[in-house]
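S.K.: Once you've had a glance at the structure underneath, I'll fire off some questions.
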Amino acid sequence: MVWGEEVTSIPLVDLTAQHAAVESEIAEGWRRVLARTSFIGGPEVAAFESEYAAFIGLRHCVGTANGTDAIEIALTALGIGRGDECILPANTFIATAEAVYRAGATPVLVDCADDGTYLIDAEAVASAITSRTRAIIPVHMYGQAAPVERLLALAGRTGGWVVEDAAQSHGARRGGISAGALGHVAATSFYPGKNLGAYGDAGAVLTDSDELAARIRMIGNHGSRYKYEHEVIGLNSRLDSLQAVVLSAKLSRLARWNMERQAAAARYADLLSDCDAIVQPRTLDGNEHVWHVYAVRVPDRDRVHKELHAAGVDAGIHYPLPIHLTSAFAGLGYVEGAFPVAERNARELLSLPLFPGITVVQQERVVSVLTSVL
Amino acid sequence: MIPVMKPWLGEEEAEAAAEAVASGWVAQGPRVQEFEDAFAMAIGVPHAIALSSCTAALHLALIAAGIGPGDEVIVPSLSFIATTNAVRYVGAKPVFADVDLATQNLVPETVKPRLTSRTRAVIMVDQAGIPADLDAMRALCDPLQVAVIEDAACAAGSTYQDRLVGAGAALAAFSFHPRKLLTTGEGGMITTWDASVAARLRRLREHGMDVSAAERHRSKQPVIEHYTEVGFNFRMTDVQAAIGLVQLRKLDQMVARRRALARRYQDLLSGIPGLLTANDPPYGETNYQSFWILLPNDTVGRDHLMRLMNDAGVSVRRGIMAAHLEPAYADANTSLPVTERLTRHSLILPLFHDMTEDQQDHVVSVIASAMTSSSPDMSVV
C-alpha cells in the first residue's frame with residue numbers, strides 16, 4: 001500500500017485473483033460448449049469427474065447439481081431412509097441436516113470436540129449410536145478432515161456407513177489420504193466460495209464402488225439408467241457442462257491455491273500469536289489442513305464482527321446458530337444447552353478473510369483492526 | 001419326481017459363463033471383483049470377499065476373528081456340519097448349544113450356559129434362511145468380548161430389523177451352493193464392515209499373497225509379490241462370478257416367489273393339527289431357503305412319512321442335521337433336547353422357483369393323508 005492511498009475494504013472471500021488465472025481457459029471451454037449447445041452431461045462433465053476422482057484417489061466421482069443433493073443422493077443410494085438415524089455434528093452448515101431429513105432419515109446431532117478443531121466429537125458419536133444408526137456423517141469443517149478412522153470403527157460395530165461431508169475440504173488429507181476417500185462414500189460441494197468453487201451451484205458424490213457409483217448416477221438422473229426407464233423416484237441433480245469447464249480449469253490450480261491458503265493461515269497464526277484474547281484454531285494430528293475458513297474464537301464476537309465491518313474488514317460467521325437452535329430443526333426436540341461446545345462456537349467463532357491471493361498487507365490490516373477492537 | 005430344490009438358472013447365466021470363458025480369464029479376476037462389489041452393495045455393506053465355498057468363508061471368518069487353539073466357539077449342533085468343522089480347522093473347540101424351536105436358531109438363553117472363560121466366538125446360523133436375532137446375541141456377547149460371526153449360508157435375501165441379513169454383522173458368511181437361492185455352483189462370500197479385515201481376507205484366500213494375480217496381470221511393470229502369512233487357495237473363479245452376477249439380479253424375484261409359495265404351504269397345511277412350519281420371526285423375514293415342517297410327537301413317524309412321500313413322487317429331505325449325533329463329533333457327549341426333537345421330527349418340503357401350485361397341492365395331499373391315517377411310528381425311538 002502506498003501512503004495516502006485510500007484504504008479499500010477487505011472482503012471475506014475475493015475470487016478475482018482466481019478468476020483472472022482461469023478466465024481465458026474458461027472462456028475457451030464455454031465457447032466450445034456454447035457452440036455445441038449441449039449443456040447437461042457431455043465430455044466436459046465426464047472429463048472433470050474423472051479428473052476429480054483421480055485427484056481424490058478414488059474410482060468414481062459423480063457430479064450433482066449441488067452439495068446438498070450430493071449428501072441426499074449418497075444416503076439414498078446406500079438404502080438409508082425412513083426409520084434410520086444419521087449422526088452428524090451440531091455445528092455445521094444446515095445442508096448436512098437438511099439432506100438427511102430429505103432422504104427420509106432422522107438427523108441425530110452430537111457435539112463437537114472441545115479441542116480447537118471444531119470437528120465432530122468421536123466420544124459423543126459413540127454414545128449416540130443406537131440399533132437404528134445407519135450412517136455417521138462427519139463434516140470436514142473449515143478445511144480439515146474429521147477423525148474418520150475412529151468413526152469407521154464405531155460405525156462398523158453395528159453396521160453403519162461413514163458418509164463424509166467433504167464440502168469444505170477439497171485437497172485436505174488425513175494420514176496422507178484425501179478427505180473424501182477416508183470413509184465409505186463422500187459428498188462434496190463446489191459452491192463458488194469453496195476451495196474448489198464453480199460459477200454457480202455444483203456438487204459431487206465420491207466412491208470407489210462401481211455398483212454404488214452407478215446407483216448414485218441413476219438416482220441423480222430421475223432414477224434412470226437408460227432414457228425413459230425409471231427404476232426409482234429419483235432427483236433431478238446433474239452437473240452441467242459449463243460448471244464442469246470451470247471446475248476442470250480450477251482443479252489444475254487447486255494445489256497451489258491451497259498452498260497459498262496454508263501460507264496465509266500460518267501468517268494469521270503468527271500475527272495473532274501474542275493476542276491472548278483470541279483462541280486460534282488447532283489442526284488435528286495427521287491432518288493436512290486446507291483452510292477453507294480460518295475461524296478464531298473471540299470474546300464479544302458480534303460486537304467485534306460489527307466493528308470490523310465498520311472498519312472495512314469483512315469477517316464471516318460460520319455459523320451463527322447450531323443446527324438444533326434453528327427454527328427449521330426445532331422439531332428435533334433438542335434444547336439450548338444440549339451441545340455446549342457447538343453453542344459456544346456459534347457464539348464465539350469469527351472467520352477472518354482468507355482466499356488465495358490475500359496479501360500480507362491485507363492480513364496485517366485484518367489483525368491490526370481486530371486487535372484494536374477487542 | 002418333484003425335486004426338493006432346483007436352482008433357477010437360465011440362458012442368461014449360460015451366456016454370462018460363456019462370455020467369461022471367451023474372455024480367456026477364467027480364474028479369479030475382474031468378474032469376481034464385480035460380483036463382490038455388486039453383492040456388497042446389494043446386502044448393504046462396504047466389503048464383500050468372494051470365496052470357493054461358505055465353508056472356506058467360515059474358516060477365514062474365524063481366522064479374521066483371531067480364533068485358534070485353546071479357544072472355544074459356541075455353535076448350534078443343528079446346522080450343516082461345515083459350521084462345526086470350520087471351528088476344528090482353526091484348532092478351536094466347538095461347543096454345542098441348543099436352539100429355539102420356532103426359529104431353529106441360537107438364542108442368548110441357550111448360549112449363556114455354554115459360555116466359559118475360553119469362549120471367544122459364537123457362530124449364529126440363520127437356519128434354513130430364518131434370520132437369527134443378532135442384536136440379542138450381541139447384547140450378551142459384546143460386553144464379554146466374544147465375537148459373533150453370522151453363518152448366513154442360507155440367508156441371502158432374508159431380512160433382519162429391516163435390513164438384509166449380513167448388513168448388521170461384523171462378519172457374515174454366505175453360501176452359493178445349489179441348495180441356496182443364489183447359486184454359483186460351489187461358492188461363498190464374506191461380508192464385513194472392516195476394511196483391514198477385508199484386505200487380510202483377500203490375501204488369505206490367495207495363498208497369503210500381497211498382490212493378487214489379477215493385479216499383477218493388469219500392471220504394466222513386472223511385480224514381485226510377497227507372502228505375508230500362510231494362506232489358502234479359496235478363490236472363486238470368474239466363470240462362477242459371471243453366473244453369480246446374473247443370479248444376484250434375480251435374488252429379489254427368487255425371494256418373492258419363495259415367500260409366496262411358502263405362504264401357500266402355510267395356508268394349505270394349517271388344517272393339520274399340531275404341525276409346525278417354518279415362519280417369519282417377529283424381527284425379520286425369511287427367504288424360505290428351506291421350508292421345514294415339524295411333526296407332532298404322537299402322529300406319523302418322520303422317516304415313515306419320508307418313505308410315503310418318496311413313493312408318491314415327492315422328494316423330501318430330513319430336517320437339519322445335528323452334528324453332535326454324528327460319529328465325527330461323538331466325543332461331544334451332550335444333550336440338546338430341542339435340537340434332537342427338530343432333527344428327528346422335522347423334514348424339508350420341496351420348494352423351488354418354478355414350482356407349480358399343482359405340485360404343491362400334491363405334496364400337501366400326501367402329507368395330509370399320511371397324517372390322518374395316523375400310521376404307527378416305528379422309526380423314531
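Chains: A, B, ... in order of the C-alpha cells. Residues: from 1 per chain. Ligands: from 1, in order shown.
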Restrict the calculation to only C-alpha atoms, then for each residue of chain B with any atom at most 7 Å from an atom of chain A give the closest atom pair and their distance in Å to one decimal, rows by chain and rising residue number, as CSV.

M.R.:
```
residue,atom,partner,partner_atom,distance
B:Asp37,CA,A:Glu211,CA,6.2
B:Ala38,CA,A:Glu211,CA,5.6
B:Met41,CA,A:Leu212,CA,6.7
B:Gly44,CA,A:Leu78,CA,6.8
B:Pro46,CA,A:His184,CA,6.7
B:Ala167,CA,A:Gly159,CA,6.1
B:Gly168,CA,A:Gly159,CA,4.4
B:Ala169,CA,A:Gly159,CA,6.4
B:Ala170,CA,A:Arg157,CA,6.3
B:Trp193,CA,A:Gly156,CA,5.1
B:Asp194,CA,A:Gly156,CA,6.6
```

S.K.: Any chance you can output those residues with C-alpha atoms as an mmCIF file, in the first residue's frame?

M.R.:
```cif
data_model
loop_
_atom_site.group_PDB
_atom_site.id
_atom_site.type_symbol
_atom_site.label_atom_id
_atom_site.label_comp_id
_atom_site.auth_asym_id
_atom_site.auth_seq_id
_atom_site.Cartn_x
_atom_site.Cartn_y
_atom_site.Cartn_z
ATOM 1 C CA ASP B 37 -18.930 -55.078 -5.401
ATOM 2 C CA ALA B 38 -22.471 -55.880 -6.529
ATOM 3 C CA MET B 41 -23.998 -53.111 -2.303
ATOM 4 C CA GLY B 44 -25.663 -53.091 2.210
ATOM 5 C CA PRO B 46 -18.851 -51.860 2.228
ATOM 6 C CA ALA B 167 -25.789 -55.822 6.827
ATOM 7 C CA GLY B 168 -25.526 -55.522 10.598
ATOM 8 C CA ALA B 169 -22.867 -58.179 11.146
ATOM 9 C CA ALA B 170 -19.159 -57.629 11.715
ATOM 10 C CA TRP B 193 -17.519 -53.570 7.686
ATOM 11 C CA ASP B 194 -13.792 -53.573 8.412
#
```

S.K.: I need the helix (DSSP H, G or I) residues of range 53-211 of chain A per DSSP on the backbone, written as a ChimeraX atom specification.

M.R.: /A:53-56,67-77,95-102,122-128,141-143,148-158,210-211

S.K.: Work out how far apart CA of Ile10 in chain A and CA of Ile358 in chain A are and give it in Å to one decimal.

M.R.: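 Spanning CA of Ile10 in chain A to CA of Ile358 in chain A is a straight-line distance of 9.0 Å.
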
S.K.: Within 9 Å of range 236-248 of chain A, counting only C-alpha atoms, which residues show up once you throw out same-chain ones fewer than 3 positions away? Write them as number ranges by chain, please.

M.R.: A: 22-23, 25-26, 29-30, 33-34, 38-49, 51-52, 62-66, 69-70, 73, 190, 196-204, 217, 219-223, 251-252

S.K.: Rounded to one decimal in Å, what is the spacing between CA of Asp238 in chain B and CA of Glu215 in chain B?

M.R.: 14.4 Å

S.K.: Got a sec: who's within 12 Å of Arg88 in chain B, counting only C-alpha atoms, leaving out chain neighbours fewer than 2 positions off, as a PyMOL selection string?

M.R.: chain B and resi 55+58-59+62-63+67-75+81-86+90-95+328-329

S.K.: Can I get the selected residues back with N, CA and C atoms, as a CSV table (one decimal), in the first residue's frame?

M.R.:
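Output below, filename part07.csv:
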```csv
chain,number,residue,atom,x,y,z
B,55,THR,N,-17.9,-72.8,3.5
B,55,THR,CA,-17.1,-73.5,4.5
B,55,THR,C,-15.8,-72.7,4.6
B,58,LEU,N,-16.4,-69.5,6.5
B,58,LEU,CA,-16.4,-69.6,7.9
B,58,LEU,C,-15.0,-69.8,8.5
B,59,HIS,N,-14.3,-70.6,7.8
B,59,HIS,CA,-12.9,-70.9,8.2
B,59,HIS,C,-12.1,-69.5,8.3
B,62,LEU,N,-13.3,-67.1,11.0
B,62,LEU,CA,-12.7,-67.5,12.4
B,62,LEU,C,-11.3,-67.0,12.5
B,63,ILE,N,-10.5,-67.1,11.4
B,63,ILE,CA,-9.1,-66.6,11.5
B,63,ILE,C,-9.2,-65.1,11.6
B,67,ILE,N,-9.5,-66.5,16.2
B,67,ILE,CA,-9.8,-67.7,16.9
B,67,ILE,C,-8.7,-68.8,16.6
B,68,GLY,N,-8.2,-69.5,17.6
B,68,GLY,CA,-7.2,-70.5,17.4
B,68,GLY,C,-7.2,-71.6,18.5
B,69,PRO,N,-6.2,-72.4,18.5
B,69,PRO,CA,-6.1,-73.4,19.5
B,69,PRO,C,-6.3,-72.9,20.9
B,70,GLY,N,-7.1,-73.7,21.7
B,70,GLY,CA,-7.3,-73.3,23.1
B,70,GLY,C,-8.6,-72.5,23.3
B,71,ASP,N,-9.1,-72.0,22.1
B,71,ASP,CA,-10.4,-71.2,22.2
B,71,ASP,C,-11.6,-72.1,22.0
B,72,GLU,N,-12.7,-71.7,22.6
B,72,GLU,CA,-14.0,-72.3,22.4
B,72,GLU,C,-14.9,-71.5,21.6
B,73,VAL,N,-15.6,-72.1,20.7
B,73,VAL,CA,-16.5,-71.4,19.8
B,73,VAL,C,-17.9,-72.1,20.0
B,74,ILE,N,-18.9,-71.3,20.4
B,74,ILE,CA,-20.2,-71.9,20.5
B,74,ILE,C,-20.9,-71.9,19.2
B,75,VAL,N,-21.4,-73.1,18.9
B,75,VAL,CA,-22.1,-73.3,17.6
B,75,VAL,C,-23.4,-74.1,17.8
B,81,ILE,N,-22.9,-79.6,8.8
B,81,ILE,CA,-21.7,-79.9,9.6
B,81,ILE,C,-20.5,-79.0,9.4
B,82,ALA,N,-20.6,-78.3,8.2
B,82,ALA,CA,-19.5,-77.3,7.9
B,82,ALA,C,-19.3,-76.3,9.0
B,83,THR,N,-20.4,-75.9,9.6
B,83,THR,CA,-20.3,-74.8,10.7
B,83,THR,C,-19.4,-75.3,11.8
B,84,THR,N,-19.6,-76.6,12.2
B,84,THR,CA,-18.7,-77.1,13.3
B,84,THR,C,-17.3,-77.4,12.8
B,85,ASN,N,-17.2,-78.0,11.6
B,85,ASN,CA,-15.9,-78.3,11.0
B,85,ASN,C,-15.0,-77.1,11.0
B,86,ALA,N,-15.6,-76.0,10.6
B,86,ALA,CA,-14.7,-74.8,10.5
B,86,ALA,C,-14.0,-74.4,11.8
B,90,VAL,N,-9.5,-74.4,12.6
B,90,VAL,CA,-8.6,-73.4,13.2
B,90,VAL,C,-8.1,-73.9,14.5
B,91,GLY,N,-8.3,-75.1,14.9
B,91,GLY,CA,-7.8,-75.7,16.1
B,91,GLY,C,-8.5,-75.4,17.3
B,92,ALA,N,-9.7,-74.8,17.2
B,92,ALA,CA,-10.5,-74.4,18.4
B,92,ALA,C,-11.5,-75.5,18.7
B,93,LYS,N,-12.2,-75.4,19.8
B,93,LYS,CA,-13.1,-76.4,20.2
B,93,LYS,C,-14.5,-76.0,20.0
B,94,PRO,N,-15.3,-76.7,19.2
B,94,PRO,CA,-16.7,-76.4,19.1
B,94,PRO,C,-17.5,-76.8,20.3
B,95,VAL,N,-18.3,-75.9,20.8
B,95,VAL,CA,-19.2,-76.2,22.0
B,95,VAL,C,-20.6,-76.0,21.5
B,328,ALA,N,-18.4,-88.2,13.8
B,328,ALA,CA,-17.3,-87.3,13.8
B,328,ALA,C,-17.2,-86.4,15.1
B,329,TYR,N,-18.4,-86.2,15.7
B,329,TYR,CA,-18.4,-85.4,16.9
B,329,TYR,C,-19.0,-86.2,18.1
```

S.K.: Choose the residue, out of B:Val246, B:Val165, B:Val4, B:Ala132, that has the smallest atom-to-atom separation from Trp292 in chain B; count only C-alpha atoms.

M.R.: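 With only C-alpha atoms as the atom set, the closest residue is B:Val4.
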
S.K.: Return as JSON lines the residues of range 198-316 of chain A lying at most 12 Å from range 349-356 of chain A, together with the closest atom-to-atom pair for each and the distance in Å to one decimal, counting only C-alpha atoms, with rows in chain order and ascending residue number.

M.R.:
```
{"residue": "A:Arg253", "atom": "CA", "partner": "A:Pro356", "partner_atom": "CA", "distance": 10.6}
{"residue": "A:Leu254", "atom": "CA", "partner": "A:Pro356", "partner_atom": "CA", "distance": 9.7}
{"residue": "A:Ala255", "atom": "CA", "partner": "A:Pro356", "partner_atom": "CA", "distance": 10.8}
{"residue": "A:Arg256", "atom": "CA", "partner": "A:Pro356", "partner_atom": "CA", "distance": 8.7}
{"residue": "A:Trp257", "atom": "CA", "partner": "A:Pro356", "partner_atom": "CA", "distance": 5.4}
{"residue": "A:Asn258", "atom": "CA", "partner": "A:Pro356", "partner_atom": "CA", "distance": 7.4}
{"residue": "A:Met259", "atom": "CA", "partner": "A:Pro356", "partner_atom": "CA", "distance": 8.4}
{"residue": "A:Glu260", "atom": "CA", "partner": "A:Pro356", "partner_atom": "CA", "distance": 5.4}
{"residue": "A:Arg261", "atom": "CA", "partner": "A:Pro356", "partner_atom": "CA", "distance": 5.7}
{"residue": "A:Gln262", "atom": "CA", "partner": "A:Pro356", "partner_atom": "CA", "distance": 9.3}
{"residue": "A:Ala263", "atom": "CA", "partner": "A:Pro356", "partner_atom": "CA", "distance": 9.4}
{"residue": "A:Ala264", "atom": "CA", "partner": "A:Leu354", "partner_atom": "CA", "distance": 7.1}
{"residue": "A:Ala265", "atom": "CA", "partner": "A:Leu354", "partner_atom": "CA", "distance": 7.8}
{"residue": "A:Ala266", "atom": "CA", "partner": "A:Leu354", "partner_atom": "CA", "distance": 11.3}
{"residue": "A:Arg267", "atom": "CA", "partner": "A:Leu354", "partner_atom": "CA", "distance": 10.8}
{"residue": "A:Tyr268", "atom": "CA", "partner": "A:Leu352", "partner_atom": "CA", "distance": 8.9}
{"residue": "A:Ala269", "atom": "CA", "partner": "A:Leu352", "partner_atom": "CA", "distance": 11.4}
{"residue": "A:Leu272", "atom": "CA", "partner": "A:Leu352", "partner_atom": "CA", "distance": 11.5}
{"residue": "A:Ile278", "atom": "CA", "partner": "A:Leu349", "partner_atom": "CA", "distance": 9.9}
{"residue": "A:Val279", "atom": "CA", "partner": "A:Leu349", "partner_atom": "CA", "distance": 9.2}
{"residue": "A:Gln280", "atom": "CA", "partner": "A:Leu349", "partner_atom": "CA", "distance": 9.9}
{"residue": "A:Pro281", "atom": "CA", "partner": "A:Leu349", "partner_atom": "CA", "distance": 9.8}
{"residue": "A:Val290", "atom": "CA", "partner": "A:Phe355", "partner_atom": "CA", "distance": 10.8}
{"residue": "A:Trp291", "atom": "CA", "partner": "A:Leu354", "partner_atom": "CA", "distance": 8.1}
{"residue": "A:His292", "atom": "CA", "partner": "A:Leu354", "partner_atom": "CA", "distance": 7.8}
{"residue": "A:Val293", "atom": "CA", "partner": "A:Ser351", "partner_atom": "CA", "distance": 6.2}
{"residue": "A:Tyr294", "atom": "CA", "partner": "A:Ser351", "partner_atom": "CA", "distance": 5.3}
{"residue": "A:Ala295", "atom": "CA", "partner": "A:Ser351", "partner_atom": "CA", "distance": 4.2}
{"residue": "A:Val296", "atom": "CA", "partner": "A:Leu350", "partner_atom": "CA", "distance": 5.4}
{"residue": "A:Arg297", "atom": "CA", "partner": "A:Leu349", "partner_atom": "CA", "distance": 4.5}
{"residue": "A:Val298", "atom": "CA", "partner": "A:Leu349", "partner_atom": "CA", "distance": 6.4}
{"residue": "A:Pro299", "atom": "CA", "partner": "A:Leu349", "partner_atom": "CA", "distance": 8.9}
{"residue": "A:Asp300", "atom": "CA", "partner": "A:Leu349", "partner_atom": "CA", "distance": 10.0}
{"residue": "A:Arg301", "atom": "CA", "partner": "A:Leu350", "partner_atom": "CA", "distance": 6.9}
{"residue": "A:Asp302", "atom": "CA", "partner": "A:Leu350", "partner_atom": "CA", "distance": 8.8}
{"residue": "A:Arg303", "atom": "CA", "partner": "A:Leu350", "partner_atom": "CA", "distance": 11.1}
{"residue": "A:Val304", "atom": "CA", "partner": "A:Leu350", "partner_atom": "CA", "distance": 8.9}
{"residue": "A:His305", "atom": "CA", "partner": "A:Leu350", "partner_atom": "CA", "distance": 7.4}
{"residue": "A:Lys306", "atom": "CA", "partner": "A:Leu350", "partner_atom": "CA", "distance": 11.1}
{"residue": "A:Leu308", "atom": "CA", "partner": "A:Leu352", "partner_atom": "CA", "distance": 10.1}
{"residue": "A:His309", "atom": "CA", "partner": "A:Leu352", "partner_atom": "CA", "distance": 11.4}
{"residue": "A:Gly312", "atom": "CA", "partner": "A:Pro353", "partner_atom": "CA", "distance": 11.3}
{"residue": "A:Val313", "atom": "CA", "partner": "A:Pro353", "partner_atom": "CA", "distance": 7.8}
{"residue": "A:Asp314", "atom": "CA", "partner": "A:Pro353", "partner_atom": "CA", "distance": 6.8}
{"residue": "A:Ala315", "atom": "CA", "partner": "A:Leu352", "partner_atom": "CA", "distance": 5.0}
{"residue": "A:Gly316", "atom": "CA", "partner": "A:Ser351", "partner_atom": "CA", "distance": 4.7}
```

S.K.: What's the separation between CA of His318 in chain A and CA of Val366 in chain A, in Å to one decimal place?

M.R.: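 CA of His318 in chain A sits 17.6 Å away from CA of Val366 in chain A.
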
S.K.: Just want the 7 Å neighbourhood of range 108-116 of chain B, counted on only C-alpha atoms, with same-chain residues fewer than 5 positions away dropped. Output as number ranges by chain.

M.R.: B: 97-99, 136-137, 140

S.K.: Using only C-alpha atoms, determine which residues lie at most 9 Å from Ala153 in chain B, disregarding the query and same-chain residues fewer than 2 positions distant; provide the list as a PyMOL selection string.

M.R.: chain B and resi 54-55+125-129+150-151+155-156+172-177+180+188-189

S.K.: Could you check the closest approach to His170 in chain A for each of A:Ala187, A:Ile94, A:Ile137, A:Ile323 and tell me which residue wins, using only C-alpha atoms?

M.R.: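 Of all the options, A:Ala187 lies closest to His170 in chain A.
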
S.K.: Where in range 18-245 of chain A does DSSP assign strand (DSSP E), given as a PyMOL selection string?

M.R.: chain A and resi 60-64+85-89+106-110+133-136+161-165+173-174+177-178+185-189+203-207+224-226+229-230

S.K.: Kindly save the residues from that selection, with C-alpha atoms included, as a short mmCIF file (atom, residue, chain, number, x, y, z; two decimals), in the first residue's frame.

M.R.:
```
data_model
loop_
_atom_site.label_atom_id
_atom_site.label_comp_id
_atom_site.auth_asym_id
_atom_site.auth_seq_id
_atom_site.Cartn_x
_atom_site.Cartn_y
_atom_site.Cartn_z
CA HIS A 60 -15.66 -42.58 -9.20
CA CYS A 61 -16.83 -39.00 -8.96
CA VAL A 62 -20.46 -38.43 -9.92
CA GLY A 63 -21.39 -34.80 -10.47
CA THR A 64 -24.57 -33.42 -8.92
CA GLU A 85 -30.76 -42.46 12.10
CA CYS A 86 -27.78 -40.46 10.83
CA ILE A 87 -25.34 -38.92 13.28
CA LEU A 88 -23.88 -35.52 12.40
CA PRO A 89 -22.24 -32.62 14.24
CA THR A 106 -33.64 -38.72 11.24
CA PRO A 107 -30.71 -36.42 11.98
CA VAL A 108 -29.11 -37.25 15.33
CA LEU A 109 -26.90 -34.39 16.43
CA VAL A 110 -23.77 -34.63 18.53
CA THR A 133 -27.90 -45.82 13.34
CA ARG A 134 -27.24 -46.28 9.65
CA ALA A 135 -24.74 -43.53 8.97
CA ILE A 136 -22.26 -41.23 10.62
CA TRP A 161 -21.89 -46.15 6.84
CA VAL A 162 -19.45 -43.30 7.18
CA VAL A 163 -20.58 -40.66 4.69
CA GLU A 164 -18.08 -37.82 4.58
CA ASP A 165 -19.34 -34.30 4.13
CA ARG A 173 -5.59 -35.04 3.65
CA ARG A 174 -5.56 -37.20 6.73
CA ILE A 177 -5.34 -39.96 2.29
CA SER A 178 -7.60 -37.36 0.72
CA VAL A 185 -18.63 -42.59 0.40
CA ALA A 186 -18.31 -38.82 0.33
CA ALA A 187 -20.35 -35.85 -0.79
CA THR A 188 -18.87 -32.54 -1.72
CA SER A 189 -19.95 -29.08 -2.80
CA GLY A 203 -21.51 -30.82 -6.19
CA ALA A 204 -20.40 -34.43 -6.42
CA VAL A 205 -20.52 -37.83 -4.77
CA LEU A 206 -17.28 -39.80 -4.46
CA THR A 207 -16.91 -43.56 -4.14
CA SER A 224 -32.95 -43.63 -14.70
CA ARG A 225 -30.04 -45.62 -16.12
CA TYR A 226 -31.49 -45.74 -19.64
CA GLU A 229 -36.65 -46.16 -17.93
CA HIS A 230 -37.20 -45.03 -14.34
#
```
